[in-house]
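Coordinates from target_30.pdb are shown below (PDB, N, CA and C atoms).
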```pdb
ATOM      1  N   MET C1131      39.087 148.809  34.291  1.00  0.00           N
ATOM      2  CA  MET C1131      40.358 148.937  33.592  1.00  0.00           C
ATOM      3  C   MET C1131      41.359 147.948  34.193  1.00  0.00           C
ATOM      4  N   LYS C1132      42.000 147.179  33.359  1.00  0.00           N
ATOM      5  CA  LYS C1132      42.958 146.191  33.816  1.00  0.00           C
ATOM      6  C   LYS C1132      44.257 146.879  34.219  1.00  0.00           C
ATOM      7  N   ARG C1133      44.785 146.488  35.352  1.00  0.00           N
ATOM      8  CA  ARG C1133      46.026 147.069  35.851  1.00  0.00           C
ATOM      9  C   ARG C1133      47.211 146.386  35.173  1.00  0.00           C
ATOM     10  N   LEU C1134      48.149 147.182  34.698  1.00  0.00           N
ATOM     11  CA  LEU C1134      49.338 146.635  34.052  1.00  0.00           C
ATOM     12  C   LEU C1134      50.344 146.197  35.108  1.00  0.00           C
ATOM     13  N   PRO C1135      51.059 145.092  34.867  1.00  0.00           N
ATOM     14  CA  PRO C1135      52.043 144.650  35.857  1.00  0.00           C
ATOM     15  C   PRO C1135      53.242 145.594  35.919  1.00  0.00           C
ATOM     16  N   ASN C1136      53.849 145.654  37.088  1.00  0.00           N
ATOM     17  CA  ASN C1136      55.079 146.415  37.266  1.00  0.00           C
ATOM     18  C   ASN C1136      56.133 145.810  36.329  1.00  0.00           C
ATOM     19  N   PRO C1137      56.917 146.648  35.633  1.00  0.00           N
ATOM     20  CA  PRO C1137      57.947 146.099  34.741  1.00  0.00           C
ATOM     21  C   PRO C1137      58.896 145.128  35.434  1.00  0.00           C
ATOM     22  N   ASN C1138      59.168 145.343  36.713  1.00  0.00           N
ATOM     23  CA  ASN C1138      60.057 144.448  37.450  1.00  0.00           C
ATOM     24  C   ASN C1138      59.298 143.461  38.325  1.00  0.00           C
ATOM     25  N   GLY C1139      58.012 143.284  38.062  1.00  0.00           N
ATOM     26  CA  GLY C1139      57.206 142.323  38.805  1.00  0.00           C
ATOM     27  C   GLY C1139      57.576 140.892  38.452  1.00  0.00           C
ATOM     28  N   CYS C1140      57.030 139.976  39.185  1.00  0.00           N
ATOM     29  CA  CYS C1140      57.296 138.547  39.007  1.00  0.00           C
ATOM     30  C   CYS C1140      57.141 138.120  37.543  1.00  0.00           C
ATOM     31  N   ARG C1141      58.022 137.259  37.110  1.00  0.00           N
ATOM     32  CA  ARG C1141      57.989 136.748  35.735  1.00  0.00           C
ATOM     33  C   ARG C1141      56.683 136.019  35.430  1.00  0.00           C
ATOM     34  N   LEU C1142      56.103 135.364  36.434  1.00  0.00           N
ATOM     35  CA  LEU C1142      54.911 134.559  36.203  1.00  0.00           C
ATOM     36  C   LEU C1142      53.598 135.310  36.383  1.00  0.00           C
ATOM     37  N   CYS C1143      53.546 136.229  37.373  1.00  0.00           N
ATOM     38  CA  CYS C1143      52.265 136.863  37.664  1.00  0.00           C
ATOM     39  C   CYS C1143      52.288 138.392  37.672  1.00  0.00           C
ATOM     40  N   GLY C1144      53.485 139.009  37.675  1.00  0.00           N
ATOM     41  CA  GLY C1144      53.587 140.456  37.613  1.00  0.00           C
ATOM     42  C   GLY C1144      53.518 141.176  38.945  1.00  0.00           C
ATOM     43  N   ILE C1145      53.373 140.460  40.051  1.00  0.00           N
ATOM     44  CA  ILE C1145      53.296 141.089  41.371  1.00  0.00           C
ATOM     45  C   ILE C1145      54.693 141.526  41.805  1.00  0.00           C
ATOM     46  N   ASP C1146      54.762 142.707  42.473  1.00  0.00           N
ATOM     47  CA  ASP C1146      56.044 143.210  42.962  1.00  0.00           C
ATOM     48  C   ASP C1146      56.707 142.222  43.909  1.00  0.00           C
ATOM     49  N   GLN C1147      58.033 142.230  43.923  1.00  0.00           N
ATOM     50  CA  GLN C1147      58.785 141.303  44.768  1.00  0.00           C
ATOM     51  C   GLN C1147      58.499 141.517  46.248  1.00  0.00           C
ATOM     52  N   ARG C1148      58.400 142.759  46.671  1.00  0.00           N
ATOM     53  CA  ARG C1148      58.240 143.070  48.094  1.00  0.00           C
ATOM     54  C   ARG C1148      56.987 142.426  48.707  1.00  0.00           C
ATOM     55  N   GLY C1149      55.872 142.444  48.008  1.00  0.00           N
ATOM     56  CA  GLY C1149      54.645 141.906  48.576  1.00  0.00           C
ATOM     57  C   GLY C1149      54.249 140.551  48.029  1.00  0.00           C
ATOM     58  N   HIS C1150      55.148 139.871  47.359  1.00  0.00           N
ATOM     59  CA  HIS C1150      54.810 138.650  46.638  1.00  0.00           C
ATOM     60  C   HIS C1150      54.594 137.434  47.524  1.00  0.00           C
ATOM     61  N   ALA C1151      55.558 137.095  48.360  1.00  0.00           N
ATOM     62  CA  ALA C1151      55.544 135.872  49.174  1.00  0.00           C
ATOM     63  C   ALA C1151      55.320 134.654  48.271  1.00  0.00           C
ATOM     64  N   ILE C1152      54.380 133.779  48.618  1.00  0.00           N
ATOM     65  CA  ILE C1152      54.064 132.610  47.792  1.00  0.00           C
ATOM     66  C   ILE C1152      52.685 132.842  47.183  1.00  0.00           C
ATOM     67  N   GLN C1153      52.587 132.743  45.881  1.00  0.00           N
ATOM     68  CA  GLN C1153      51.332 132.969  45.171  1.00  0.00           C
ATOM     69  C   GLN C1153      50.860 131.676  44.523  1.00  0.00           C
ATOM     70  N   THR C1154      49.554 131.562  44.404  1.00  0.00           N
ATOM     71  CA  THR C1154      48.947 130.427  43.715  1.00  0.00           C
ATOM     72  C   THR C1154      48.383 130.921  42.401  1.00  0.00           C
ATOM     73  N   GLY C1155      48.703 130.221  41.332  1.00  0.00           N
ATOM     74  CA  GLY C1155      48.217 130.596  40.015  1.00  0.00           C
ATOM     75  C   GLY C1155      47.787 129.368  39.237  1.00  0.00           C
ATOM     76  N   PRO C1156      47.510 129.559  37.949  1.00  0.00           N
ATOM     77  CA  PRO C1156      47.052 128.435  37.127  1.00  0.00           C
ATOM     78  C   PRO C1156      48.079 127.305  37.028  1.00  0.00           C
ATOM     79  N   ASP C1157      49.357 127.633  37.215  1.00  0.00           N
ATOM     80  CA  ASP C1157      50.407 126.615  37.122  1.00  0.00           C
ATOM     81  C   ASP C1157      50.871 126.123  38.490  1.00  0.00           C
ATOM     82  N   GLY C1158      50.080 126.388  39.530  1.00  0.00           N
ATOM     83  CA  GLY C1158      50.445 125.975  40.879  1.00  0.00           C
ATOM     84  C   GLY C1158      51.033 127.131  41.670  1.00  0.00           C
ATOM     85  N   THR C1159      51.693 126.804  42.785  1.00  0.00           N
ATOM     86  CA  THR C1159      52.270 127.845  43.626  1.00  0.00           C
ATOM     87  C   THR C1159      53.680 128.184  43.155  1.00  0.00           C
ATOM     88  N   HIS C1160      54.082 129.437  43.441  1.00  0.00           N
ATOM     89  CA  HIS C1160      55.425 129.862  43.072  1.00  0.00           C
ATOM     90  C   HIS C1160      55.869 131.013  43.952  1.00  0.00           C
ATOM     91  N   THR C1161      57.181 131.187  44.060  1.00  0.00           N
ATOM     92  CA  THR C1161      57.748 132.353  44.722  1.00  0.00           C
ATOM     93  C   THR C1161      58.118 133.352  43.628  1.00  0.00           C
ATOM     94  N   TRP C1162      58.482 134.577  44.030  1.00  0.00           N
ATOM     95  CA  TRP C1162      58.819 135.622  43.061  1.00  0.00           C
ATOM     96  C   TRP C1162      59.977 135.166  42.195  1.00  0.00           C
ATOM     97  N   GLN C1163      59.852 135.405  40.889  1.00  0.00           N
ATOM     98  CA  GLN C1163      60.909 135.062  39.938  1.00  0.00           C
ATOM     99  C   GLN C1163      61.227 136.287  39.106  1.00  0.00           C
ATOM    100  N   LYS C1164      62.509 136.531  38.904  1.00  0.00           N
ATOM    101  CA  LYS C1164      62.961 137.696  38.150  1.00  0.00           C
ATOM    102  C   LYS C1164      62.407 137.646  36.722  1.00  0.00           C
ATOM    103  N   PRO C1165      61.842 138.773  36.243  1.00  0.00           N
ATOM    104  CA  PRO C1165      61.324 138.782  34.876  1.00  0.00           C
ATOM    105  C   PRO C1165      62.467 138.787  33.857  1.00  0.00           C
ATOM    106  N   THR C1166      62.184 138.296  32.673  1.00  0.00           N
ATOM    107  CA  THR C1166      63.194 138.329  31.614  1.00  0.00           C
ATOM    108  C   THR C1166      63.335 139.759  31.098  1.00  0.00           C
ATOM    109  N   GLN C1167      64.421 140.038  30.419  1.00  0.00           N
ATOM    110  CA  GLN C1167      64.623 141.369  29.839  1.00  0.00           C
ATOM    111  C   GLN C1167      63.524 141.686  28.829  1.00  0.00           C
ATOM    112  N   ALA C1168      63.085 140.676  28.087  1.00  0.00           N
ATOM    113  CA  ALA C1168      62.004 140.882  27.113  1.00  0.00           C
ATOM    114  C   ALA C1168      60.704 141.256  27.819  1.00  0.00           C
ATOM    115  N   GLN C1169      60.414 140.616  28.960  1.00  0.00           N
ATOM    116  CA  GLN C1169      59.207 140.951  29.718  1.00  0.00           C
ATOM    117  C   GLN C1169      59.271 142.380  30.247  1.00  0.00           C
ATOM    118  N   ILE C1170      60.433 142.767  30.778  1.00  0.00           N
ATOM    119  CA  ILE C1170      60.590 144.126  31.290  1.00  0.00           C
ATOM    120  C   ILE C1170      60.361 145.133  30.166  1.00  0.00           C
ATOM    121  N   ARG C1171      60.975 144.890  29.008  1.00  0.00           N
ATOM    122  CA  ARG C1171      60.826 145.780  27.854  1.00  0.00           C
ATOM    123  C   ARG C1171      59.360 145.862  27.420  1.00  0.00           C
ATOM    124  N   ASP C1172      58.706 144.725  27.300  1.00  0.00           N
ATOM    125  CA  ASP C1172      57.311 144.702  26.851  1.00  0.00           C
ATOM    126  C   ASP C1172      56.375 145.378  27.851  1.00  0.00           C
ATOM    127  N   ARG C1173      56.626 145.184  29.140  1.00  0.00           N
ATOM    128  CA  ARG C1173      55.792 145.814  30.167  1.00  0.00           C
ATOM    129  C   ARG C1173      55.975 147.329  30.169  1.00  0.00           C
ATOM    130  N   MET C1174      57.219 147.778  29.976  1.00  0.00           N
ATOM    131  CA  MET C1174      57.469 149.219  29.927  1.00  0.00           C
ATOM    132  C   MET C1174      56.808 149.833  28.699  1.00  0.00           C
ATOM    133  N   LYS C1175      56.880 149.138  27.578  1.00  0.00           N
ATOM    134  CA  LYS C1175      56.261 149.626  26.348  1.00  0.00           C
ATOM    135  C   LYS C1175      54.743 149.713  26.511  1.00  0.00           C
ATOM    136  N   ALA C1176      54.149 148.714  27.150  1.00  0.00           N
ATOM    137  CA  ALA C1176      52.700 148.707  27.361  1.00  0.00           C
ATOM    138  C   ALA C1176      52.265 149.881  28.232  1.00  0.00           C
ATOM    139  N   ARG C1177      53.091 150.274  29.199  1.00  0.00           N
ATOM    140  CA  ARG C1177      52.752 151.413  30.055  1.00  0.00           C
ATOM    141  C   ARG C1177      52.857 152.731  29.303  1.00  0.00           C
ATOM    142  N   ARG C1178      53.772 152.813  28.336  1.00  0.00           N
ATOM    143  CA  ARG C1178      53.939 154.049  27.560  1.00  0.00           C
ATOM    144  C   ARG C1178      52.846 154.233  26.526  1.00  0.00           C
ATOM    145  N   ASP C1179      52.393 153.131  25.943  1.00  0.00           N
ATOM    146  CA  ASP C1179      51.378 153.209  24.891  1.00  0.00           C
ATOM    147  C   ASP C1179      50.051 153.673  25.473  1.00  0.00           C
ATOM    148  N   PRO C1180      49.336 154.536  24.771  1.00  0.00           N
ATOM    149  CA  PRO C1180      48.024 154.969  25.271  1.00  0.00           C
ATOM    150  C   PRO C1180      47.056 153.787  25.372  1.00  0.00           C
ATOM    151  N   GLN C1181      46.310 153.759  26.458  1.00  0.00           N
ATOM    152  CA  GLN C1181      45.354 152.691  26.679  1.00  0.00           C
ATOM    153  C   GLN C1181      44.018 153.062  26.045  1.00  0.00           C
ATOM    154  N   PRO C1182      43.368 152.115  25.366  1.00  0.00           N
ATOM    155  CA  PRO C1182      42.051 152.415  24.789  1.00  0.00           C
ATOM    156  C   PRO C1182      41.033 152.667  25.905  1.00  0.00           C
ATOM    157  N   LYS C1183      40.145 153.619  25.682  1.00  0.00           N
ATOM    158  CA  LYS C1183      39.121 153.931  26.687  1.00  0.00           C
ATOM    159  C   LYS C1183      37.982 152.932  26.571  1.00  0.00           C
ATOM    160  N   GLU C1184      37.519 152.489  27.731  1.00  0.00           N
ATOM    161  CA  GLU C1184      36.400 151.539  27.761  1.00  0.00           C
ATOM    162  C   GLU C1184      35.092 152.308  27.650  1.00  0.00           C
ATOM    163  N   ALA C1185      34.134 151.725  26.981  1.00  0.00           N
ATOM    164  CA  ALA C1185      32.828 152.375  26.801  1.00  0.00           C
ATOM    165  C   ALA C1185      31.947 152.185  28.001  1.00  0.00           C
TER     166      ALA C1185
END
```

Output the file's structure in the form of structure tokens.
Amino acid sequence: MKRLPNPNGCRLCGIDQRGHAIQTGPDGTHTWQKPTQAQIRDRMKARRDPQPKEA
């Protein structure tokens, strides 16, 4: 089961600010960046919606 990102997690990777430090991703390295309001809303909605069960 895929873990959903924290609504207030990094804008680029979803990791919480406290444990983020410097991360390497497909677009190179980055430090924690504040998520947009749209990202926060979408992440919260995804957590509320029922998740499909895997077979």

Residues near Arg1173 (chain C), cut-off 12 Å, only C-alpha atoms, skip fewer than 4 positions along chain, as an mmCIF file with N, CA and C atoms, in the coordinates of the input:
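Output file part-v1.cif is given in full below:
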```cif
data_model
loop_
_atom_site.group_PDB
_atom_site.id
_atom_site.type_symbol
_atom_site.label_atom_id
_atom_site.label_comp_id
_atom_site.auth_asym_id
_atom_site.auth_seq_id
_atom_site.Cartn_x
_atom_site.Cartn_y
_atom_site.Cartn_z
ATOM 1 N N ARG C 1133 44.785 146.488 35.352
ATOM 2 C CA ARG C 1133 46.026 147.069 35.851
ATOM 3 C C ARG C 1133 47.211 146.386 35.173
ATOM 4 N N LEU C 1134 48.149 147.182 34.698
ATOM 5 C CA LEU C 1134 49.338 146.635 34.052
ATOM 6 C C LEU C 1134 50.344 146.197 35.108
ATOM 7 N N PRO C 1135 51.059 145.092 34.867
ATOM 8 C CA PRO C 1135 52.043 144.650 35.857
ATOM 9 C C PRO C 1135 53.242 145.594 35.919
ATOM 10 N N ASN C 1136 53.849 145.654 37.088
ATOM 11 C CA ASN C 1136 55.079 146.415 37.266
ATOM 12 C C ASN C 1136 56.133 145.810 36.329
ATOM 13 N N PRO C 1137 56.917 146.648 35.633
ATOM 14 C CA PRO C 1137 57.947 146.099 34.741
ATOM 15 C C PRO C 1137 58.896 145.128 35.434
ATOM 16 N N ASN C 1138 59.168 145.343 36.713
ATOM 17 C CA ASN C 1138 60.057 144.448 37.450
ATOM 18 C C ASN C 1138 59.298 143.461 38.325
ATOM 19 N N GLY C 1139 58.012 143.284 38.062
ATOM 20 C CA GLY C 1139 57.206 142.323 38.805
ATOM 21 C C GLY C 1139 57.576 140.892 38.452
ATOM 22 N N CYS C 1140 57.030 139.976 39.185
ATOM 23 C CA CYS C 1140 57.296 138.547 39.007
ATOM 24 C C CYS C 1140 57.141 138.120 37.543
ATOM 25 N N ARG C 1141 58.022 137.259 37.110
ATOM 26 C CA ARG C 1141 57.989 136.748 35.735
ATOM 27 C C ARG C 1141 56.683 136.019 35.430
ATOM 28 N N GLY C 1144 53.485 139.009 37.675
ATOM 29 C CA GLY C 1144 53.587 140.456 37.613
ATOM 30 C C GLY C 1144 53.518 141.176 38.945
ATOM 31 N N PRO C 1165 61.842 138.773 36.243
ATOM 32 C CA PRO C 1165 61.324 138.782 34.876
ATOM 33 C C PRO C 1165 62.467 138.787 33.857
ATOM 34 N N THR C 1166 62.184 138.296 32.673
ATOM 35 C CA THR C 1166 63.194 138.329 31.614
ATOM 36 C C THR C 1166 63.335 139.759 31.098
ATOM 37 N N GLN C 1167 64.421 140.038 30.419
ATOM 38 C CA GLN C 1167 64.623 141.369 29.839
ATOM 39 C C GLN C 1167 63.524 141.686 28.829
ATOM 40 N N ALA C 1168 63.085 140.676 28.087
ATOM 41 C CA ALA C 1168 62.004 140.882 27.113
ATOM 42 C C ALA C 1168 60.704 141.256 27.819
ATOM 43 N N GLN C 1169 60.414 140.616 28.960
ATOM 44 C CA GLN C 1169 59.207 140.951 29.718
ATOM 45 C C GLN C 1169 59.271 142.380 30.247
ATOM 46 N N ARG C 1177 53.091 150.274 29.199
ATOM 47 C CA ARG C 1177 52.752 151.413 30.055
ATOM 48 C C ARG C 1177 52.857 152.731 29.303
ATOM 49 N N ARG C 1178 53.772 152.813 28.336
ATOM 50 C CA ARG C 1178 53.939 154.049 27.560
ATOM 51 C C ARG C 1178 52.846 154.233 26.526
ATOM 52 N N ASP C 1179 52.393 153.131 25.943
ATOM 53 C CA ASP C 1179 51.378 153.209 24.891
ATOM 54 C C ASP C 1179 50.051 153.673 25.473
#
```

- How many Å lie between CA of Gly1158 (chain C) and CA of Lys1175 (chain C), rounded to one decimal?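 Atom-to-atom, CA of Gly1158 (chain C) to CA of Lys1175 (chain C), that is 28.4 Å.
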
- Task: Give the strand (DSSP E or B) residues of chain C, as assigned by DSSP on the backbone, as JSON, numbers by chain.
- Result: {"C": [1152, 1153, 1154, 1155, 1158, 1159, 1160, 1161]}

- Item | Separation of atom C of Arg1171 (chain C) from atom C of Ile1152 (chain C) in Å |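 Between atom C of Ile1152 (chain C) and atom C of Arg1171 (chain C) the gap is 24.6 Å.
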
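Picture a line from CA of Asp1146 (chain C) to CA of Ala1176 (chain C); it runs 16.9 Å.
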
- Task: Would you return as a VMD selection string the members of chain C that DSSP assigns to alpha helix (DSSP H) on this structure's backbone?
- Result: chain C and resid 1167 to 1178

What box, with edges along x, y and z, holds each listed atom of region 1146-1150 of chain C when 8 Å is added on every side, and can you state its centre and edge lengths in Å to one decimal, as AutoDock Vina command-line options?
```
--center_x 56.5 --center_y 140.3 --center_z 45.6 --size_x 20.5 --size_y 21.8 --size_z 22.2
```
